[in-house]
$ cat my_file-v7.pdb   # PDB, C-alpha atoms
ATOM      1  CA  MET A   1     198.501  78.434   3.370
ATOM      2  CA  PRO A   2     197.890  79.244   7.063
ATOM      3  CA  ALA A   3     197.448  82.857   8.131
ATOM      4  CA  ASP A   4     200.561  82.470  10.241
ATOM      5  CA  PRO A   5     202.961  82.249   7.260
ATOM      6  CA  SER A   6     205.200  79.489   8.540
ATOM      7  CA  PRO A   7     205.211  77.894   5.321
ATOM      8  CA  GLY A   8     205.351  90.304  -6.211
ATOM      9  CA  VAL A   9     206.655  90.684  -9.634
ATOM     10  CA  VAL A  10     204.720  93.801  -9.243
ATOM     11  CA  GLY A  11     201.871  93.510 -11.720
ATOM     12  CA  GLU A  12     200.987  95.754 -14.596
ATOM     13  CA  THR A  13     200.273  99.323 -13.527
ATOM     14  CA  PRO A  14     199.006 102.440 -15.255
ATOM     15  CA  ALA A  15     201.595 104.341 -17.246
ATOM     16  CA  ARG A  16     201.816 106.961 -14.494
ATOM     17  CA  SER A  17     200.471 106.502 -10.989
ATOM     18  CA  ALA A  18     201.812 108.457  -8.056
ATOM     19  CA  VAL A  19     202.024 108.334  -4.286
ATOM     20  CA  SER A  20     202.802 112.029  -4.391
ATOM     21  CA  GLN A  21     204.275 113.908  -7.244
ATOM     22  CA  GLN A  22     206.243 117.102  -7.678
ATOM     23  CA  PRO A  23     208.118 118.252 -10.791
ATOM     24  CA  ASP A  24     211.817 118.227  -9.911
ATOM     25  CA  THR A  25     215.060 118.759 -11.686
ATOM     26  CA  ALA A  26     217.620 116.552 -10.008
ATOM     27  CA  SER A  27     220.570 114.249 -10.312
ATOM     28  CA  ARG A  28     219.386 110.856 -11.559
ATOM     29  CA  THR A  29     220.468 107.406 -10.459
ATOM     30  CA  PRO A  30     218.954 104.502 -12.412
ATOM     31  CA  ARG A  31     218.844 101.087 -10.742
ATOM     32  CA  ALA A  32     216.964  97.823 -10.900
ATOM     33  CA  SER A  33     214.628  96.268  -8.368
ATOM     34  CA  ALA A  34     212.224  93.357  -8.067
ATOM     35  CA  ALA A  35     209.507  95.793  -9.164
ATOM     36  CA  GLY A  36     211.396  96.827 -12.319
ATOM     37  CA  ALA A  37     213.645  99.784 -13.164
ATOM     38  CA  VAL A  38     213.918 102.426 -10.461
ATOM     39  CA  GLU A  39     215.328 105.894 -11.047
ATOM     40  CA  VAL A  40     216.282 107.956  -8.003
ATOM     41  CA  ARG A  41     216.312 111.702  -8.545
ATOM     42  CA  ARG A  42     218.013 113.931  -5.978
ATOM     43  CA  SER A  43     216.959 117.563  -5.727
ATOM     44  CA  THR A  44     218.479 120.474  -3.822
ATOM     45  CA  ARG A  45     215.003 122.020  -3.681
ATOM     46  CA  ARG A  46     213.728 119.196  -1.480
ATOM     47  CA  ARG A  47     214.363 119.429   2.247
ATOM     48  CA  LYS A  48     212.386 116.541   3.807
ATOM     49  CA  SER A  49     209.735 115.283   1.419
ATOM     50  CA  VAL A  50     210.056 112.033  -0.551
ATOM     51  CA  SER A  51     207.691 111.066  -3.364
ATOM     52  CA  ALA A  52     207.418 108.429  -6.073
ATOM     53  CA  TYR A  53     205.427 107.713  -9.206
ATOM     54  CA  ARG A  54     205.302 105.337 -12.158
ATOM     55  CA  GLU A  55     206.453 106.548 -15.556
ATOM     56  CA  GLY A  56     206.173 103.984 -18.323
ATOM     57  CA  GLY A  57     208.058 100.898 -17.165
ATOM     58  CA  ARG A  58     210.023 102.799 -14.514
ATOM     59  CA  THR A  59     209.479 103.953 -10.952
ATOM     60  CA  ILE A  60     210.743 107.470 -10.219
ATOM     61  CA  VAL A  61     211.683 108.211  -6.593
ATOM     62  CA  LEU A  62     212.327 111.860  -5.687
ATOM     63  CA  ILE A  63     214.490 112.523  -2.609
ATOM     64  CA  PRO A  64     216.422 115.432  -1.034
ATOM     65  CA  ALA A  65     219.955 115.833  -2.383
ATOM     66  CA  ARG A  66     221.500 115.655   1.109
ATOM     67  CA  MET A  67     220.042 112.210   1.886
ATOM     68  CA  SER A  68     222.615 109.493   2.644
ATOM     69  CA  GLU A  69     222.938 106.305   0.587
ATOM     70  CA  ALA A  70     221.509 104.255   3.474
ATOM     71  CA  GLU A  71     218.507 106.589   3.774
ATOM     72  CA  GLU A  72     218.044 106.440   0.018
ATOM     73  CA  ARG A  73     217.889 102.627   0.035
ATOM     74  CA  ARG A  74     215.419 102.649   2.921
ATOM     75  CA  TRP A  75     213.151 105.226   1.295
ATOM     76  CA  VAL A  76     213.200 103.511  -2.085
ATOM     77  CA  GLY A  77     211.887 100.355  -0.374
ATOM     78  CA  VAL A  78     209.253 102.318   1.534
ATOM     79  CA  MET A  79     207.985 104.117  -1.565
ATOM     80  CA  LEU A  80     207.877 100.933  -3.667
ATOM     81  CA  ASP A  81     205.721  99.321  -0.975
ATOM     82  CA  ARG A  82     203.439 102.364  -0.814
ATOM     83  CA  LEU A  83     202.955 102.397  -4.568
ATOM     84  CA  ALA A  84     202.261  98.668  -4.602
ATOM     85  CA  ALA A  85     199.675  98.996  -1.841
ATOM     86  CA  GLN A  86     198.045 101.953  -3.588
ATOM     87  CA  GLU A  87     197.813 100.135  -6.901
ATOM     88  CA  SER A  88     196.468  96.915  -5.426
ATOM     89  CA  ARG A  89     193.421  98.654  -3.948
ATOM     90  CA  ARG A  90     191.641  97.890  -7.192
ATOM     91  CA  VAL A  91     190.396  94.404  -6.388
ATOM     92  CA  LEU A  92     191.055  91.844  -9.089
ATOM     93  CA  GLY A  93     188.076  89.794 -10.165
ATOM     94  CA  ASP A  94     188.270  86.001 -10.239
ATOM     95  CA  ALA A  95     188.971  85.992 -14.005
ATOM     96  CA  GLU A  96     191.832  88.467 -13.565
ATOM     97  CA  LEU A  97     193.133  86.451 -10.619
ATOM     98  CA  THR A  98     193.183  83.319 -12.789
ATOM     99  CA  GLU A  99     195.028  85.198 -15.533
ATOM    100  CA  ARG A 100     197.545  86.504 -13.003
ATOM    101  CA  ALA A 101     198.150  82.991 -11.695
ATOM    102  CA  GLY A 102     198.843  81.855 -15.251
ATOM    103  CA  ARG A 103     201.419  84.601 -15.771
ATOM    104  CA  LEU A 104     203.148  83.780 -12.489
ATOM    105  CA  SER A 105     203.222  80.075 -13.339
ATOM    106  CA  ALA A 106     204.760  80.844 -16.722
ATOM    107  CA  GLN A 107     207.355  83.171 -15.221
ATOM    108  CA  PHE A 108     208.467  81.090 -12.246
ATOM    109  CA  PHE A 109     207.368  77.497 -12.879
ATOM    110  CA  ASP A 110     207.738  77.264 -16.672
ATOM    111  CA  GLY A 111     203.952  77.066 -16.923
ATOM    112  CA  ARG A 112     203.823  73.640 -15.243
ATOM    113  CA  ALA A 113     201.302  74.719 -12.577
ATOM    114  CA  ARG A 114     197.943  74.973 -14.333
ATOM    115  CA  PRO A 115     195.031  75.739 -12.005
ATOM    116  CA  ALA A 116     191.520  74.950 -13.186
ATOM    117  CA  SER A 117     190.132  77.824 -11.117
ATOM    118  CA  VAL A 118     191.376  80.650  -8.919
ATOM    119  CA  ARG A 119     188.934  82.690  -6.853
ATOM    120  CA  TRP A 120     188.457  84.854  -3.796
ATOM    121  CA  VAL A 121     186.601  83.397  -0.808
ATOM    122  CA  THR A 122     185.327  84.939   2.411
ATOM    123  CA  ASN A 123     185.369  81.835   4.596
ATOM    124  CA  GLN A 124     189.151  81.618   5.152
ATOM    125  CA  ASN A 125     189.918  83.641   8.244
ATOM    126  CA  THR A 126     192.794  81.494   9.521
ATOM    127  CA  ARG A 127     194.438  80.843   6.142
ATOM    128  CA  TRP A 128     195.702  83.164   3.424
ATOM    129  CA  GLY A 129     195.021  80.639   0.697
ATOM    130  CA  SER A 130     194.316  76.996  -0.015
ATOM    131  CA  CYS A 131     194.728  74.548  -2.872
ATOM    132  CA  THR A 132     192.958  71.306  -3.817
ATOM    133  CA  PRO A 133     195.361  69.602  -6.258
ATOM    134  CA  ALA A 134     192.853  66.896  -7.253
ATOM    135  CA  GLU A 135     190.501  69.596  -8.527
ATOM    136  CA  GLY A 136     193.168  72.092  -9.575
ATOM    137  CA  SER A 137     191.383  74.763  -7.554
ATOM    138  CA  ILE A 138     193.012  77.643  -5.672
ATOM    139  CA  ARG A 139     191.212  79.903  -3.226
ATOM    140  CA  LEU A 140     192.567  83.134  -1.732
ATOM    141  CA  SER A 141     191.260  84.789   1.417
ATOM    142  CA  HIS A 142     189.474  88.095   0.836
ATOM    143  CA  ARG A 143     191.706  89.524   3.604
ATOM    144  CA  LEU A 144     194.516  89.753   1.030
ATOM    145  CA  GLN A 145     192.554  92.320  -0.962
ATOM    146  CA  GLY A 146     194.254  95.700  -0.636
ATOM    147  CA  MET A 147     197.622  94.241   0.377
ATOM    148  CA  PRO A 148     200.677  94.977  -1.812
ATOM    149  CA  GLU A 149     200.696  93.064  -5.092
ATOM    150  CA  TYR A 150     203.935  91.259  -4.270
ATOM    151  CA  VAL A 151     202.218  89.768  -1.202
ATOM    152  CA  VAL A 152     199.221  88.541  -3.229
ATOM    153  CA  ASP A 153     201.634  87.149  -5.832
ATOM    154  CA  TYR A 154     203.542  85.257  -3.153
ATOM    155  CA  VAL A 155     200.371  83.608  -1.829
ATOM    156  CA  LEU A 156     199.324  82.737  -5.395
ATOM    157  CA  LEU A 157     202.734  81.195  -6.052
ATOM    158  CA  HIS A 158     202.577  79.304  -2.754
ATOM    159  CA  GLU A 159     199.301  77.685  -3.793
ATOM    160  CA  LEU A 160     200.476  77.128  -7.386
ATOM    161  CA  ALA A 161     203.493  75.269  -6.003
ATOM    162  CA  HIS A 162     201.095  72.869  -4.251
ATOM    163  CA  LEU A 163     199.791  71.825  -7.663
ATOM    164  CA  LEU A 164     203.316  70.513  -8.312
ATOM    165  CA  VAL A 165     204.505  69.414  -4.861
ATOM    166  CA  PRO A 166     202.253  68.391  -1.944
ATOM    167  CA  GLY A 167     203.243  69.391   1.578
ATOM    168  CA  HIS A 168     206.000  71.799   2.625
ATOM    169  CA  GLY A 169     209.092  69.694   2.121
ATOM    170  CA  PRO A 170     212.441  70.804   0.638
ATOM    171  CA  ASP A 171     211.227  70.367  -2.954
ATOM    172  CA  PHE A 172     208.322  72.720  -2.259
ATOM    173  CA  TRP A 173     210.531  75.479  -0.862
ATOM    174  CA  ARG A 174     213.013  75.105  -3.705
ATOM    175  CA  LEU A 175     210.197  76.042  -6.072
ATOM    176  CA  LEU A 176     209.480  79.247  -4.152
ATOM    177  CA  GLU A 177     213.146  80.239  -4.135
ATOM    178  CA  ALA A 178     212.582  81.437  -7.706
ATOM    179  CA  TYR A 179     210.392  84.299  -6.425
ATOM    180  CA  PRO A 180     212.722  87.090  -5.233
ATOM    181  CA  ARG A 181     210.283  88.632  -2.746
ATOM    182  CA  THR A 182     209.359  85.492  -0.824
ATOM    183  CA  GLU A 183     210.983  86.529   2.461
ATOM    184  CA  ARG A 184     209.682  90.086   2.229
ATOM    185  CA  ALA A 185     206.130  88.872   1.582
ATOM    186  CA  ARG A 186     206.305  86.396   4.464
ATOM    187  CA  GLY A 187     207.562  89.176   6.736
ATOM    188  CA  TYR A 188     204.642  91.368   5.691
ATOM    189  CA  LEU A 189     202.115  88.625   6.455
ATOM    190  CA  GLU A 190     203.785  87.835   9.769
ATOM    191  CA  GLY A 191     203.430  91.520  10.667
ATOM    192  CA  VAL A 192     199.724  91.442   9.823
ATOM    193  CA  VAL A 193     199.235  88.355  11.991
ATOM    194  CA  ALA A 194     201.148  89.959  14.879
ATOM    195  CA  ALA A 195     199.072  93.143  14.619
ATOM    196  CA  ASP A 196     195.837  91.133  14.645
ATOM    197  CA  GLN A 197     196.898  89.446  17.877
ATOM    198  CA  LEU A 198     197.665  92.658  19.732
ATOM    199  CA  PRO A 199     195.115  93.594  22.410
ATOM    200  CA  PRO A 200     192.805  96.495  21.515
ATOM    201  CA  PRO A 201     193.744  99.911  22.909
ATOM    202  CA  PRO A 202     192.085 100.837  26.220
ATOM    203  CA  ALA A 203     188.778 102.638  25.906
ATOM    204  CA  ALA A 204     188.781 106.335  26.657
ATOM    205  CA  THR A 205     187.275 107.138  30.052
ATOM    206  CA  GLU A 206     186.275 110.387  31.610
ATOM    207  CA  GLU A 207     187.949 111.247  34.893
TER     208      GLU A 207
END
$ encode --input "my_file-v7.pdb" --output "structure tokens"
Amino acid sequence: MPADPSPGVVGETPARSAVSQQPDTASRTPRASAAGAVEVRRSTRRRKSVSAYREGGRTIVLIPARMSEAEERRWVGVMLDRLAAQESRRVLGDAELTERAGRLSAQFFDGRARPASVRWVTNQNTRWGSCTPAEGSIRLSHRLQGMPEYVVDYVLLHELAHLLVPGHGPDFWRLLEAYPRTERARGYLEGVVAADQLPPPPAATEE
């Protein structure tokens, strides 16, 4: 998969991990998301701050009571991404990466994609991942380490799909339609590529 993504499933997390956390009593709005159940709690005590944390299988997002529905939707997305990025800082080892690929294959491809090996590599600076179907091997660029889990999952699924369909024809993309965060992950990677291509800021000079 090239670094310019022309071509989640947020993984298991601790029972309670937080971006920021404050005890609040608030009105509660449960909802569902690609990352699992989300409960939005509005509080009259909050003026500007927004925080989120994991609690069991749910994500709790705490927002000011006066926030509009549109602002709520935007902030829920922002906080889910922040939590995902925070949680993915623990780098998966190759064995864990292989196990993760197996779970994704079972969930989205009925277990038909069965890689022989999945590992991180440091020699892929122009590609996010690659697959050698004849060997059943998948390699992910180390540059993905620390990115949100849904982004890593998308790249894994992209390479798993190549074990079933070579090339990037219609059949290939139909496979990836099963993953609900495909477009969001591609947008994230496109943003990373765009940022990498920006010129460096001018050096500070004394006048």
$ closest_residue --input "my_file-v7.pdb" --among "A:Leu156, A:Val192, A:Leu83, A:Leu62" --to "A:Cys131" --atoms "all atoms listed in the file"
A:Leu156
$ residues_around --input "my_file-v7.pdb" --residues "A:Arg66" --least-positions-apart "6" --cutoff "12 Å" --atoms "all atoms listed in the file" --output "CSV table (one decimal) with C-alpha atoms, in the frame of the given file"
chain,number,residue,atom,x,y,z
A,26,ALA,CA,217.6,116.6,-10.0
A,27,SER,CA,220.6,114.2,-10.3
A,41,ARG,CA,216.3,111.7,-8.5
A,42,ARG,CA,218.0,113.9,-6.0
A,43,SER,CA,217.0,117.6,-5.7
A,44,THR,CA,218.5,120.5,-3.8
A,45,ARG,CA,215.0,122.0,-3.7
A,46,ARG,CA,213.7,119.2,-1.5
A,47,ARG,CA,214.4,119.4,2.2
A,48,LYS,CA,212.4,116.5,3.8
A,49,SER,CA,209.7,115.3,1.4
A,72,GLU,CA,218.0,106.4,0.0
$ atom_distance --input "my_file-v7.pdb" --atom1 "atom CA of A:Gly77" --atom2 "atom CA of A:Trp120"
28.3 Å
$ atom_distance --input "my_file-v7.pdb" --atom1 "atom CA of A:His158" --atom2 "atom CA of A:Ser137"
13.0 Å
$ atom_distance --input "my_file-v7.pdb" --atom1 "atom CA of A:Leu97" --atom2 "atom CA of A:Val61"
28.9 Å
$ closest_residue --input "my_file-v7.pdb" --among "A:Ala70, A:Val40, A:Leu189, A:Val50" --to "A:Arg143" --atoms "all atoms listed in the file"
A:Leu189
$ closest_residue --input "my_file-v7.pdb" --among "A:Arg73, A:Ala113, A:Asn125, A:Leu104" --to "A:Asp196" --atoms "all atoms listed in the file"
A:Asn125
$ closest_residue --input "my_file-v7.pdb" --among "A:Ala116, A:Ala52, A:Ile63, A:Ala95" --to "A:Leu80" --atoms "all atoms listed in the file"
A:Ala52
